[in-house]
file target_30.txt (compact mmCIF, C-alpha atoms)
# COMPACT_ATOMS: atom_id res chain seq x y z
CA MET A 948 -11.64 14.59 -13.33
CA LYS A 949 -11.04 10.92 -13.85
CA THR A 950 -12.38 8.74 -11.06
CA ALA A 951 -9.03 7.10 -10.32
CA LEU A 952 -7.31 10.46 -9.99
CA LYS A 953 -10.11 11.80 -7.84
CA GLN A 954 -9.79 8.75 -5.56
CA THR A 955 -6.05 9.27 -5.33
CA LEU A 956 -6.43 12.91 -4.39
CA CYS A 957 -9.12 12.14 -1.85
CA MET A 958 -6.90 9.45 -0.36
CA SER A 959 -4.01 11.92 -0.18
CA ALA A 960 -6.21 14.46 1.56
CA LEU A 961 -7.52 11.95 4.07
CA LEU A 962 -4.11 10.52 4.83
CA GLY A 963 -2.82 14.05 5.22
CA LEU A 964 -5.10 14.57 8.19
CA GLY A 965 -2.77 12.47 10.28
CA ALA A 966 0.22 14.58 9.37
CA ALA A 967 -1.41 17.92 9.94
CA ALA A 968 -1.26 17.60 13.70
CA TYR A 969 2.51 17.18 13.75
CA PRO A 970 4.37 20.30 14.87
CA VAL A 971 6.94 20.14 12.10
CA SER A 972 10.00 22.28 12.36
CA ALA A 973 11.94 24.44 9.95
CA HIS A 974 13.36 23.25 6.66
CA HIS A 975 12.29 19.64 6.74
CA SER A 976 9.74 17.33 8.19
CA THR A 977 10.29 16.13 11.74
CA THR A 978 8.24 13.01 11.38
CA MET A 979 11.25 10.89 12.27
CA PHE A 980 10.10 11.87 15.74
CA ALA A 981 7.09 10.09 17.25
CA HIS A 982 4.94 13.11 18.03
CA ASP A 983 2.24 10.99 19.63
CA LYS A 984 4.67 9.93 22.36
CA VAL A 985 6.45 11.76 25.14
CA VAL A 986 9.72 10.66 26.70
CA SER A 987 10.84 12.50 29.81
CA ILE A 988 14.41 12.62 31.00
CA SER A 989 16.28 14.36 33.80
CA GLY A 990 19.88 15.36 33.47
CA VAL A 991 22.48 18.05 32.97
CA VAL A 992 22.97 20.26 29.91
CA LYS A 993 26.20 19.32 28.20
CA GLU A 994 26.21 21.61 25.13
CA VAL A 995 23.92 24.15 23.48
CA HIS A 996 24.26 24.62 19.72
CA TRP A 997 22.44 27.88 18.97
CA THR A 998 22.62 27.31 15.22
CA ASN A 999 20.57 27.41 12.05
CA PRO A 1000 18.57 25.75 10.79
CA HIS A 1001 17.97 23.87 14.06
CA VAL A 1002 19.03 24.61 17.60
CA ALA A 1003 20.19 21.55 19.54
CA ILE A 1004 20.66 20.96 23.24
CA TYR A 1005 22.77 18.00 24.35
CA VAL A 1006 21.73 16.61 27.72
CA GLU A 1007 23.53 13.96 29.74
CA GLY A 1008 20.59 12.28 31.38
CA ALA A 1009 18.23 9.37 31.68
CA ALA A 1010 14.60 8.45 31.74
CA LYS A 1011 13.38 7.05 35.04
CA GLY A 1012 15.04 3.70 35.68
CA ASP A 1013 17.21 3.95 32.56
CA LYS A 1014 20.97 4.20 32.12
CA PRO A 1015 22.45 7.70 31.63
CA ALA A 1016 23.26 8.65 28.06
CA THR A 1017 23.83 11.71 25.87
CA TRP A 1018 20.54 12.86 24.35
CA VAL A 1019 20.29 15.24 21.38
CA LEU A 1020 17.25 17.49 21.52
CA GLU A 1021 16.35 19.27 18.29
CA MET A 1022 14.35 22.45 17.93
CA THR A 1023 13.56 25.02 15.29
CA SER A 1024 15.86 27.91 14.28
CA PRO A 1025 17.18 30.60 16.65
CA GLY A 1026 15.04 33.28 14.96
CA ASN A 1027 11.91 31.18 15.23
CA LEU A 1028 12.58 30.33 18.88
CA MET A 1029 13.08 33.99 19.77
CA ARG A 1030 9.78 34.90 18.13
CA ALA A 1031 7.89 31.93 19.53
CA GLY A 1032 8.72 32.66 23.13
CA THR A 1033 11.34 34.12 25.37
CA TRP A 1034 14.22 32.01 24.15
CA LYS A 1035 17.73 33.43 24.15
CA ARG A 1036 20.95 31.72 23.18
CA ASN A 1037 21.86 31.45 26.86
CA SER A 1038 18.47 30.50 28.23
CA PHE A 1039 20.04 27.15 29.05
CA LYS A 1040 23.75 26.70 29.67
CA PRO A 1041 26.12 23.77 30.12
CA GLY A 1042 25.84 22.55 33.68
CA ASP A 1043 22.17 23.46 34.11
CA LYS A 1044 20.10 20.71 35.71
CA VAL A 1045 17.02 20.12 33.60
CA ASP A 1046 13.89 18.09 33.11
CA VAL A 1047 13.00 17.54 29.45
CA ASP A 1048 9.93 16.32 27.62
CA MET A 1049 10.53 15.24 24.02
CA ALA A 1050 8.91 13.46 21.12
CA PRO A 1051 11.42 10.60 20.76
CA LEU A 1052 13.09 9.38 17.59
CA ARG A 1053 11.01 6.58 16.09
CA GLU A 1054 14.02 4.38 15.48
CA GLY A 1055 14.91 4.44 19.15
CA GLY A 1056 18.10 6.52 19.23
CA LYS A 1057 18.86 8.89 22.06
CA GLY A 1058 17.26 11.92 20.50
CA GLY A 1059 14.01 13.74 20.14
CA ALA A 1060 12.13 16.88 19.25
CA LEU A 1061 12.12 19.06 22.36
CA LYS A 1062 8.65 19.83 23.70
CA LYS A 1063 9.49 21.42 27.02
CA ILE A 1064 12.61 22.02 29.07
CA THR A 1065 12.68 23.13 32.70
CA ASN A 1066 15.60 24.34 34.79
CA THR A 1067 15.02 22.34 37.97
CA GLU A 1068 16.83 24.87 40.17
CA SER A 1069 15.20 28.11 38.94
CA GLY A 1070 11.93 26.57 37.75
CA MET A 1071 12.23 28.45 34.42
CA SER A 1072 10.53 26.50 31.67
CA LEU A 1073 10.38 26.96 27.88
CA ASN A 1074 8.72 25.13 25.03
CA ALA A 1075 9.20 25.27 21.26
CA ASN A 1076 5.73 25.72 19.82
CA LEU A 1077 5.77 27.99 16.76
CA ARG A 1078 2.04 27.98 16.28
CA GLU A 1079 1.19 29.54 19.62
CA GLN A 1080 2.11 33.02 18.35
CA GLU A 1081 -0.25 33.00 15.37
CA GLY A 1082 -3.41 34.15 17.06
CA VAL A 1083 -6.52 34.73 15.03
CA VAL A 1084 -5.87 35.52 11.38
CA GLU A 1085 -8.47 37.65 9.68
CA LYS A 1086 -9.05 36.65 6.07
CA MET B 164 35.57 20.00 -61.53
CA LYS B 165 32.47 22.11 -61.77
CA HIS B 166 31.12 20.41 -58.66
CA PHE B 167 34.40 21.09 -56.82
CA LEU B 168 34.23 24.79 -57.74
CA ASN B 169 30.63 25.01 -56.53
CA VAL B 170 31.60 23.48 -53.18
CA LEU B 171 34.57 25.85 -52.89
CA ALA B 172 32.36 28.86 -53.64
CA ALA B 173 29.82 27.74 -51.03
CA ALA B 174 32.59 27.27 -48.46
CA LEU B 175 33.99 30.73 -49.13
CA LEU B 176 30.53 32.22 -48.83
CA ALA B 177 29.98 30.44 -45.52
CA CYS B 178 33.35 31.65 -44.22
CA SER B 179 32.51 35.16 -45.30
CA ALA B 180 29.14 35.02 -43.55
CA THR B 181 30.76 33.69 -40.35
CA SER B 182 33.38 36.42 -40.47
CA PHE B 183 30.66 39.02 -40.92
CA ALA B 184 28.72 37.65 -37.96
CA GLN B 185 31.79 37.77 -35.75
CA ASN B 186 32.51 41.36 -36.72
CA LYS B 187 28.92 42.52 -36.27
CA PRO B 188 28.81 45.31 -33.69
CA ALA B 189 27.56 44.16 -30.28
CA GLU B 190 24.06 45.19 -29.30
CA LYS B 191 23.97 48.30 -27.19
CA PRO B 192 23.72 47.19 -23.53
CA ILE B 193 20.64 48.14 -21.58
CA ILE B 194 21.67 50.45 -18.76
CA ASN B 195 19.71 50.52 -15.51
CA PRO B 196 19.24 54.24 -14.89
CA ALA B 197 20.22 55.82 -11.60
CA PRO B 198 17.14 56.47 -9.47
CA THR B 199 15.95 60.05 -9.31
CA ALA B 200 14.70 61.97 -6.30
CA LYS B 201 11.18 61.42 -7.61
CA ASP B 202 11.77 57.67 -7.80
CA TRP B 203 12.71 57.68 -4.11
CA ALA B 204 9.76 59.95 -3.25
CA ASP B 205 7.41 57.56 -5.05
CA ILE B 206 8.57 54.74 -2.75
CA GLY B 207 6.91 56.65 0.07
CA LYS B 208 3.55 56.36 -1.68
CA LEU B 209 3.62 52.57 -1.63
CA PRO B 210 1.76 50.64 1.09
CA ASP B 211 3.58 49.93 4.33
CA TRP B 212 5.02 46.43 4.21
CA SER B 213 7.72 47.03 6.79
CA GLY B 214 8.28 44.75 9.74
CA VAL B 215 8.90 41.04 10.07
CA TRP B 216 6.44 38.70 8.40
CA ASN B 217 5.84 35.28 9.90
CA PRO B 218 3.97 32.55 8.01
CA ASN B 219 0.72 31.20 9.40
CA ILE B 220 1.84 27.60 9.74
CA SER B 221 -1.49 26.35 11.07
CA ASP B 222 -3.12 27.49 7.84
CA GLN B 223 -0.39 25.74 5.84
CA ASP B 224 -1.22 22.52 7.75
CA LYS B 225 -4.90 23.03 7.02
CA GLN B 226 -4.45 23.68 3.30
CA HIS B 227 -2.28 20.60 2.98
CA VAL B 228 -5.47 18.69 3.68
CA THR B 229 -8.22 20.94 2.33
CA ASN B 230 -6.57 22.45 -0.75
CA PRO B 231 -4.13 19.99 -2.34
CA PRO B 232 -2.64 20.83 -5.74
CA PRO B 233 -4.44 19.21 -8.71
CA TRP B 234 -1.70 16.70 -9.42
CA ASN B 235 -1.71 14.63 -12.57
CA ALA B 236 -2.03 10.88 -12.05
CA LYS B 237 1.70 10.21 -11.98
CA ALA B 238 2.40 12.98 -9.47
CA ALA B 239 -0.60 11.98 -7.34
CA ALA B 240 0.78 8.46 -7.08
CA ARG B 241 4.09 9.80 -5.83
CA ILE B 242 2.32 12.03 -3.29
CA GLN B 243 0.42 8.96 -2.07
CA PHE B 244 3.72 7.08 -1.71
CA GLN B 245 5.22 10.01 0.22
CA GLN B 246 2.23 9.96 2.53
CA ALA B 247 2.70 6.25 3.21
CA GLU B 248 6.38 6.85 3.91
CA LEU B 249 5.49 9.70 6.24
CA LYS B 250 3.11 7.51 8.21
CA ALA B 251 5.84 4.91 8.50
CA GLY B 252 8.21 7.47 9.97
CA ARG B 253 10.34 7.75 6.84
CA PRO B 254 9.47 11.20 5.48
CA THR B 255 10.74 11.77 1.96
CA PRO B 256 13.69 14.16 2.10
CA LEU B 257 12.77 17.09 -0.15
CA PHE B 258 14.68 20.10 1.11
CA VAL B 259 18.05 18.53 1.66
CA ASN B 260 21.63 19.64 2.12
CA CYS B 261 20.48 23.18 2.76
CA LEU B 262 19.35 23.79 -0.80
CA PRO B 263 16.73 26.56 -0.87
CA GLU B 264 13.06 25.69 -0.72
CA GLY B 265 12.80 27.70 -3.94
CA HIS B 266 9.74 29.02 -5.72
CA PRO B 267 6.87 28.49 -5.08
CA SER B 268 7.48 26.33 -1.98
CA TRP B 269 9.07 29.17 -0.01
CA MET B 270 5.89 31.21 -0.18
CA MET B 271 3.70 28.13 0.37
CA ILE B 272 5.22 26.30 3.32
CA SER B 273 8.12 28.16 4.87
CA HIS B 274 8.17 28.21 8.66
CA ASN B 275 10.61 31.08 8.71
CA ALA B 276 10.15 34.83 8.76
CA LEU B 277 10.79 37.17 5.85
CA GLU B 278 11.10 40.89 5.24
CA ILE B 279 10.37 42.97 2.15
CA LEU B 280 12.37 45.94 0.92
CA PHE B 281 11.24 48.57 -1.59
CA THR B 282 13.80 50.41 -3.69
CA PRO B 283 13.27 52.24 -7.00
CA GLY B 284 12.38 49.69 -9.66
CA ARG B 285 12.53 46.70 -7.37
CA VAL B 286 10.91 44.78 -4.54
CA THR B 287 13.23 42.43 -2.66
CA MET B 288 12.13 39.59 -0.41
CA LEU B 289 14.68 38.38 2.11
CA GLY B 290 14.04 35.22 4.05
CA GLU B 291 15.53 34.04 7.29
CA SER B 292 17.23 30.65 7.18
CA ASP B 293 18.99 28.91 4.29
CA GLY B 294 21.09 31.85 3.07
CA GLY B 295 19.89 31.65 -0.56
CA ARG B 296 16.37 32.68 0.32
CA LEU B 297 16.02 35.86 -1.72
CA ARG B 298 13.66 37.06 -4.44
CA ARG B 299 14.31 40.05 -6.69
CA ILE B 300 11.09 41.33 -8.24
CA TYR B 301 11.70 43.96 -10.90
CA THR B 302 9.09 46.71 -10.95
CA ASP B 303 10.86 48.98 -13.44
CA GLY B 304 8.69 47.96 -16.37
CA ARG B 305 11.05 45.44 -17.90
CA GLY B 306 9.80 42.16 -19.35
CA HIS B 307 11.16 38.68 -18.86
CA PRO B 308 14.30 37.65 -20.73
CA LEU B 309 13.51 35.52 -23.77
CA ASP B 310 15.44 32.54 -22.40
CA PRO B 311 16.39 33.14 -18.77
CA ASP B 312 18.89 30.90 -17.00
CA PRO B 313 16.71 28.87 -14.62
CA THR B 314 17.16 29.59 -10.92
CA PHE B 315 15.57 28.43 -7.66
CA HIS B 316 13.36 31.52 -7.50
CA GLY B 317 13.04 32.25 -11.20
CA HIS B 318 12.80 35.61 -12.93
CA SER B 319 10.10 37.86 -11.47
CA ILE B 320 8.59 41.07 -12.78
CA GLY B 321 6.02 43.01 -10.81
CA LYS B 322 3.62 45.91 -11.11
CA TRP B 323 1.47 47.74 -8.63
CA GLU B 324 -2.30 47.70 -9.03
CA GLY B 325 -3.27 50.10 -6.26
CA ASN B 326 -2.07 48.46 -3.05
CA VAL B 327 -1.64 45.07 -4.70
CA LEU B 328 1.72 43.89 -6.03
CA VAL B 329 1.19 41.60 -9.01
CA ILE B 330 4.15 39.32 -9.72
CA ASP B 331 4.76 37.22 -12.79
CA THR B 332 7.47 34.57 -12.52
CA ILE B 333 9.09 32.23 -15.04
CA GLY B 334 12.49 30.60 -15.34
CA VAL B 335 12.32 28.43 -12.21
CA LEU B 336 14.59 25.39 -12.10
CA PRO B 337 12.62 22.25 -13.01
CA GLN B 338 13.97 20.63 -9.84
CA SER B 339 12.28 23.24 -7.66
CA TYR B 340 9.44 21.59 -5.76
CA ILE B 341 5.78 22.38 -5.61
CA ALA B 342 5.46 21.24 -2.01
CA PRO B 343 2.23 21.33 -0.02
CA SER B 344 4.19 20.22 3.07
CA GLU B 345 7.80 19.61 4.01
CA ALA B 346 7.32 15.89 3.41
CA HIS B 347 5.18 16.05 0.26
CA GLY B 348 6.29 17.60 -2.99
CA ILE B 349 6.85 17.12 -6.69
CA PRO B 350 9.48 18.82 -8.86
CA ASN B 351 7.69 21.29 -11.13
CA ASN B 352 9.46 19.61 -14.06
CA GLY B 353 9.82 22.77 -16.14
CA ASP B 354 7.61 25.27 -17.96
CA MET B 355 6.16 26.52 -14.68
CA HIS B 356 4.63 29.97 -14.57
CA THR B 357 3.28 31.65 -11.47
CA LEU B 358 1.12 34.68 -10.94
CA GLU B 359 0.98 36.20 -7.46
CA ARG B 360 -1.11 38.99 -6.01
CA ILE B 361 0.16 40.25 -2.66
CA TRP B 362 -1.53 42.77 -0.39
CA VAL B 363 -1.72 43.69 3.28
CA GLU B 364 -4.82 44.08 5.41
CA LYS B 365 -4.63 44.75 9.14
CA ASP B 366 -1.13 43.40 9.65
CA VAL B 367 -1.87 40.27 7.63
CA MET B 368 -0.15 39.79 4.30
CA HIS B 369 -2.16 37.84 1.75
CA VAL B 370 -0.19 35.99 -0.91
CA TYR B 371 -2.51 34.71 -3.63
CA MET B 372 -0.77 32.33 -6.00
CA LYS B 373 -1.83 30.79 -9.27
CA ILE B 374 0.68 28.11 -10.20
CA THR B 375 0.64 26.77 -13.72
CA ALA B 376 2.84 23.68 -14.09
CA PRO B 377 1.59 21.67 -17.06
CA ASN B 378 4.04 18.80 -16.54
CA VAL B 379 2.73 17.86 -13.09
CA LEU B 380 -0.65 19.60 -12.59
CA THR B 381 -3.89 18.98 -14.48
CA LYS B 382 -4.89 22.64 -14.09
CA PRO B 383 -3.49 25.75 -12.38
CA TYR B 384 -3.29 25.49 -8.59
CA GLU B 385 -4.74 28.45 -6.71
CA THR B 386 -3.96 29.12 -3.08
CA THR B 387 -3.64 32.07 -0.73
CA ARG B 388 -1.04 31.96 2.02
CA TYR B 389 -0.97 34.24 5.04
CA TYR B 390 1.78 36.00 6.93
CA PHE B 391 1.36 38.04 10.10
CA ARG B 392 3.42 41.08 11.00
CA GLN B 393 5.62 41.45 14.04
CA ARG B 394 7.08 44.83 14.84
CA ALA B 395 8.87 44.30 18.15
CA ARG B 396 12.58 44.92 17.65
CA LYS B 397 13.40 41.69 19.43
CA PHE B 398 11.78 39.89 16.46
CA ASP B 399 14.08 41.45 13.83
CA ILE B 400 15.34 39.05 11.18
CA VAL B 401 18.58 37.33 12.17
CA GLU B 402 21.28 35.69 10.11
CA GLY B 403 20.47 32.13 9.14
CA VAL B 404 23.33 30.19 7.63
CA CYS B 405 21.77 26.81 6.99
CA GLN B 406 24.94 24.71 7.00
CA GLU B 407 25.97 26.02 10.39
CA GLY B 408 24.02 23.20 11.96
CA TYR B 409 26.26 20.62 10.33
CA PHE B 410 29.05 21.68 12.66
CA ALA B 411 29.72 22.00 16.37
CA PRO B 412 31.67 24.92 17.84
CA ARG B 413 34.94 23.73 19.32
CA ILE B 414 38.26 25.16 20.50
CA ASP B 415 41.26 23.54 18.88
CA LYS B 416 44.60 22.66 20.51
CA ASP B 417 45.95 26.13 19.73
CA GLY B 418 43.03 27.87 21.36
CA TYR B 419 41.24 28.91 18.16
CA HIS B 420 37.48 28.80 17.83
CA VAL B 421 36.71 26.37 15.02
CA TYR B 422 33.87 24.29 13.65
CA GLU B 423 33.95 20.52 13.80
CA PRO B 424 31.75 18.53 11.40
CA GLN B 425 28.91 16.73 13.13
CA PRO B 426 27.13 13.58 12.00
CA HIS B 427 23.75 14.53 10.60
CA ASP B 428 21.10 13.08 8.38
CA VAL B 429 20.27 14.38 4.91
CA GLY B 430 17.65 16.72 6.32
CA GLY B 431 20.11 18.32 8.70
CA ASN B 432 19.09 16.62 11.95
CA ARG B 433 21.98 15.72 14.18
CA ILE B 434 22.46 12.00 14.68
CA PRO B 435 22.68 11.10 18.39
CA PRO B 436 25.81 9.35 19.60
CA LYS B 437 25.46 5.56 19.75

call {"tool": "encode", "arguments": {"input": "target_30.txt", "output": "structure tokens"}}
result
Amino acid sequence: MKTALKQTLCMSALLGLGAAAYPVSAHHSTTMFAHDKVVSISGVVKEVHWTNPHVAIYVEGAAKGDKPATWVLEMTSPGNLMRAGTWKRNSFKPGDKVDVDMAPLREGGKGGALKKITNTESGMSLNANLREQEGVVEK
Amino acid sequence: MKHFLNVLAAALLACSATSFAQNKPAEKPIINPAPTAKDWADIGKLPDWSGVWNPNISDQDKQHVTNPPPWNAKAAARIQFQQAELKAGRPTPLFVNCLPEGHPSWMMISHNALEILFTPGRVTMLGESDGGRLRRIYTDGRGHPLDPDPTFHGHSIGKWEGNVLVIDTIGVLPQSYIAPSEAHGIPNNGDMHTLERIWVEKDVMHVYMKITAPNVLTKPYETTRYYFRQRARKFDIVEGVCQEGYFAPRIDKDGYHVYEPQPHDVGGNRIPPK
């Protein structure tokens, strides 16, 4: 292999290390979200879109000391969520009071990749981690 | 005059030949025979691939770093650019507007489940999400067409070697990506050929792939991807219409349930209200 090509491939591999830790979602990369950051908001569920390829929960809420706004929280697909945990289409409903942790949009909009959502009245909490179900794979 | 007559004779001959070609009887069509009771009984002798198969995404992440495709210099430069864009928070949109991931990216990096059906003369892979995710693998002994119309998943023929299904695929659209991640990928640029060997051990499906793509790779790329089986009924495959997410469910002024288009980016993510 030519040296320049080898260097390029090595560079690609090394740079890729940074990306590997990101919990990307279905169908496209979610690196528009800053996965090294967590934004927490409290609010009320406004809408739940139980749709492919990505479920979305709209929450009217605010981070501590911030003005209320409508936040769009993206997740993976309904099928993936059902397999990854105990999600159902009505796990969260409009009107539910919730606390949410998200990886925020890098460009600063009111959106993020949902990490964890908790119903503050029942205490029920769900996340959206696909990799937790994998277990040990024998090869 | 003699020259004119020669031209006229040649023209008449050409017309005659054309007329003959048009009247030539059509080739006898190849008929797919109806399966026999034995064909169905033979299905029962195949290995058990039932259930829902989920990709091992952690291994996909790992191979993105440890086992990159052997890109040629031009493709490697683009991958490097995509990596820089990714780090800057501007991932290159590859799988956009709900087009299928296609072959071989579906098998390499899908995050969605699939199921596999055996019928006489065919193995069918059905994927959850983006409705076009389907592979027909003919196991009836046919060969490839001489000049297949290119498709996202190509033309696949398979044969069983014991418990291993060996699949040969050509005819993939040149636009179909070879993608080691959802943010890194290069169109195969035509003339791609893949060989797969698929088998199951202890509820893990092994998908060995050898991807030959002379227009973007310096040598064939070899990789094995892993899927794990889930049998609980609650994990059954569900419908996955990709474009559904471009709309919000609403009730119109007449009380009908309708869809209302939603602002979204090219990758399908909803754009938050300003």

call {"tool": "atom_distance", "arguments": {"input": "target_30.txt", "atom1": "atom CA of Leu297 of chain B", "atom2": "atom CA of Gly317 of chain B"}}
result
10.6 Å

call {"tool": "axis_aligned_box", "arguments": {"input": "target_30.txt", "around": "segment 1042-1057 of chain A", "padding_each_side": "3 Å", "output": "JSON"}}
result
{"center_x": 17.4, "center_y": 13.9, "center_z": 25.6, "size_x": 22.9, "size_y": 25.1, "size_z": 26.2}

call {"tool": "interface_residues", "arguments": {"input": "target_30.txt", "of": "chain B", "to": "chain A", "cutoff": "8 Å", "atoms": "only C-alpha atoms", "output": "VMD selection string"}}
result
chain B and resid 219 to 221 224 to 225 227 to 229 231 233 to 236 239 to 240 242 to 243 246 249 to 250 252 to 254 256 to 259 264 273 to 276 291 to 293 345 to 346 367 391 397 to 398 400 to 401 403 to 408 411 to 412 430 to 437

call {"tool": "write_last_selection", "arguments": {"input": "target_30.txt", "atoms": "C-alpha atoms", "output": "PDB file, in the frame of the given file"}}
result
ATOM      1  CA  ASN B 219       0.720  31.200   9.400  1.00  0.00           C
ATOM      2  CA  ILE B 220       1.840  27.600   9.740  1.00  0.00           C
ATOM      3  CA  SER B 221      -1.490  26.350  11.070  1.00  0.00           C
ATOM      4  CA  ASP B 224      -1.220  22.520   7.750  1.00  0.00           C
ATOM      5  CA  LYS B 225      -4.900  23.030   7.020  1.00  0.00           C
ATOM      6  CA  HIS B 227      -2.280  20.600   2.980  1.00  0.00           C
ATOM      7  CA  VAL B 228      -5.470  18.690   3.680  1.00  0.00           C
ATOM      8  CA  THR B 229      -8.220  20.940   2.330  1.00  0.00           C
ATOM      9  CA  PRO B 231      -4.130  19.990  -2.340  1.00  0.00           C
ATOM     10  CA  PRO B 233      -4.440  19.210  -8.710  1.00  0.00           C
ATOM     11  CA  TRP B 234      -1.700  16.700  -9.420  1.00  0.00           C
ATOM     12  CA  ASN B 235      -1.710  14.630 -12.570  1.00  0.00           C
ATOM     13  CA  ALA B 236      -2.030  10.880 -12.050  1.00  0.00           C
ATOM     14  CA  ALA B 239      -0.600  11.980  -7.340  1.00  0.00           C
ATOM     15  CA  ALA B 240       0.780   8.460  -7.080  1.00  0.00           C
ATOM     16  CA  ILE B 242       2.320  12.030  -3.290  1.00  0.00           C
ATOM     17  CA  GLN B 243       0.420   8.960  -2.070  1.00  0.00           C
ATOM     18  CA  GLN B 246       2.230   9.960   2.530  1.00  0.00           C
ATOM     19  CA  LEU B 249       5.490   9.700   6.240  1.00  0.00           C
ATOM     20  CA  LYS B 250       3.110   7.510   8.210  1.00  0.00           C
ATOM     21  CA  GLY B 252       8.210   7.470   9.970  1.00  0.00           C
ATOM     22  CA  ARG B 253      10.340   7.750   6.840  1.00  0.00           C
ATOM     23  CA  PRO B 254       9.470  11.200   5.480  1.00  0.00           C
ATOM     24  CA  PRO B 256      13.690  14.160   2.100  1.00  0.00           C
ATOM     25  CA  LEU B 257      12.770  17.090  -0.150  1.00  0.00           C
ATOM     26  CA  PHE B 258      14.680  20.100   1.110  1.00  0.00           C
ATOM     27  CA  VAL B 259      18.050  18.530   1.660  1.00  0.00           C
ATOM     28  CA  GLU B 264      13.060  25.690  -0.720  1.00  0.00           C
ATOM     29  CA  SER B 273       8.120  28.160   4.870  1.00  0.00           C
ATOM     30  CA  HIS B 274       8.170  28.210   8.660  1.00  0.00           C
ATOM     31  CA  ASN B 275      10.610  31.080   8.710  1.00  0.00           C
ATOM     32  CA  ALA B 276      10.150  34.830   8.760  1.00  0.00           C
ATOM     33  CA  GLU B 291      15.530  34.040   7.290  1.00  0.00           C
ATOM     34  CA  SER B 292      17.230  30.650   7.180  1.00  0.00           C
ATOM     35  CA  ASP B 293      18.990  28.910   4.290  1.00  0.00           C
ATOM     36  CA  GLU B 345       7.800  19.610   4.010  1.00  0.00           C
ATOM     37  CA  ALA B 346       7.320  15.890   3.410  1.00  0.00           C
ATOM     38  CA  VAL B 367      -1.870  40.270   7.630  1.00  0.00           C
ATOM     39  CA  PHE B 391       1.360  38.040  10.100  1.00  0.00           C
ATOM     40  CA  LYS B 397      13.400  41.690  19.430  1.00  0.00           C
ATOM     41  CA  PHE B 398      11.780  39.890  16.460  1.00  0.00           C
ATOM     42  CA  ILE B 400      15.340  39.050  11.180  1.00  0.00           C
ATOM     43  CA  VAL B 401      18.580  37.330  12.170  1.00  0.00           C
ATOM     44  CA  GLY B 403      20.470  32.130   9.140  1.00  0.00           C
ATOM     45  CA  VAL B 404      23.330  30.190   7.630  1.00  0.00           C
ATOM     46  CA  CYS B 405      21.770  26.810   6.990  1.00  0.00           C
ATOM     47  CA  GLN B 406      24.940  24.710   7.000  1.00  0.00           C
ATOM     48  CA  GLU B 407      25.970  26.020  10.390  1.00  0.00           C
ATOM     49  CA  GLY B 408      24.020  23.200  11.960  1.00  0.00           C
ATOM     50  CA  ALA B 411      29.720  22.000  16.370  1.00  0.00           C
ATOM     51  CA  PRO B 412      31.670  24.920  17.840  1.00  0.00           C
ATOM     52  CA  GLY B 430      17.650  16.720   6.320  1.00  0.00           C
ATOM     53  CA  GLY B 431      20.110  18.320   8.700  1.00  0.00           C
ATOM     54  CA  ASN B 432      19.090  16.620  11.950  1.00  0.00           C
ATOM     55  CA  ARG B 433      21.980  15.720  14.180  1.00  0.00           C
ATOM     56  CA  ILE B 434      22.460  12.000  14.680  1.00  0.00           C
ATOM     57  CA  PRO B 435      22.680  11.100  18.390  1.00  0.00           C
ATOM     58  CA  PRO B 436      25.810   9.350  19.600  1.00  0.00           C
ATOM     59  CA  LYS B 437      25.460   5.560  19.750  1.00  0.00           C
TER      60      LYS B 437
END

call {"tool": "residues_near_point", "arguments": {"input": "target_30.txt", "point": "(7.3, 23.6, 21.9)", "cutoff": "7 Å", "atoms": "all atoms listed in the file", "output": "MDAnalysis selection string"}}
result
chainID A and resid 1061:1063 1074:1077

call {"tool": "atom_distance", "arguments": {"input": "target_30.txt", "atom1": "atom CA of Arg298 of chain B", "atom2": "atom CA of Ser319 of chain B"}}
result
7.9 Å

call {"tool": "atom_distance", "arguments": {"input": "target_30.txt", "atom1": "atom CA of Met368 of chain B", "atom2": "atom CA of Asn217 of chain B"}}
result
9.4 Å

call {"tool": "residues_around", "arguments": {"input": "target_30.txt", "residues": "Phe1039 of chain A", "least_positions_apart": "5", "cutoff": "9 Å", "atoms": "all atoms listed in the file", "output": "list in words"}}
result
Val992, Val995, Ile1004, Val1045 and Asn1066 of chain A

call {"tool": "closest_residue", "arguments": {"input": "target_30.txt", "among": "B:Tyr422, B:Trp203, B:Tyr371, B:Phe410", "to": "Pro267 of chain B", "atoms": "only C-alpha atoms"}}
result
B:Tyr371

call {"tool": "closest_residue", "arguments": {"input": "target_30.txt", "among": "A:Gly1070, A:Gly990, A:Gly1032, A:Pro1041", "to": "Asp1013 of chain A", "atoms": "all atoms listed in the file"}}
result
A:Gly990

call {"tool": "decode", "arguments": {"input": "target_30.txt", "residues": "segment 205-216 of chain B", "atoms": "C-alpha atoms", "output": "PDB file, in the first residue's frame"}}
result
ATOM      1  CA  ASP B 205     -37.115 -29.924   2.156  1.00  0.00           C
ATOM      2  CA  ILE B 206     -37.631 -26.499   3.753  1.00  0.00           C
ATOM      3  CA  GLY B 207     -37.960 -28.329   7.054  1.00  0.00           C
ATOM      4  CA  LYS B 208     -34.430 -29.691   6.672  1.00  0.00           C
ATOM      5  CA  LEU B 209     -32.883 -26.224   6.561  1.00  0.00           C
ATOM      6  CA  PRO B 210     -31.368 -24.681   9.702  1.00  0.00           C
ATOM      7  CA  ASP B 211     -33.646 -22.727  12.003  1.00  0.00           C
ATOM      8  CA  TRP B 212     -33.325 -19.031  11.228  1.00  0.00           C
ATOM      9  CA  SER B 213     -36.697 -18.050  12.639  1.00  0.00           C
ATOM     10  CA  GLY B 214     -37.139 -15.212  15.080  1.00  0.00           C
ATOM     11  CA  VAL B 215     -36.190 -11.558  15.021  1.00  0.00           C
ATOM     12  CA  TRP B 216     -32.569 -10.708  14.305  1.00  0.00           C
TER      13      TRP B 216
END
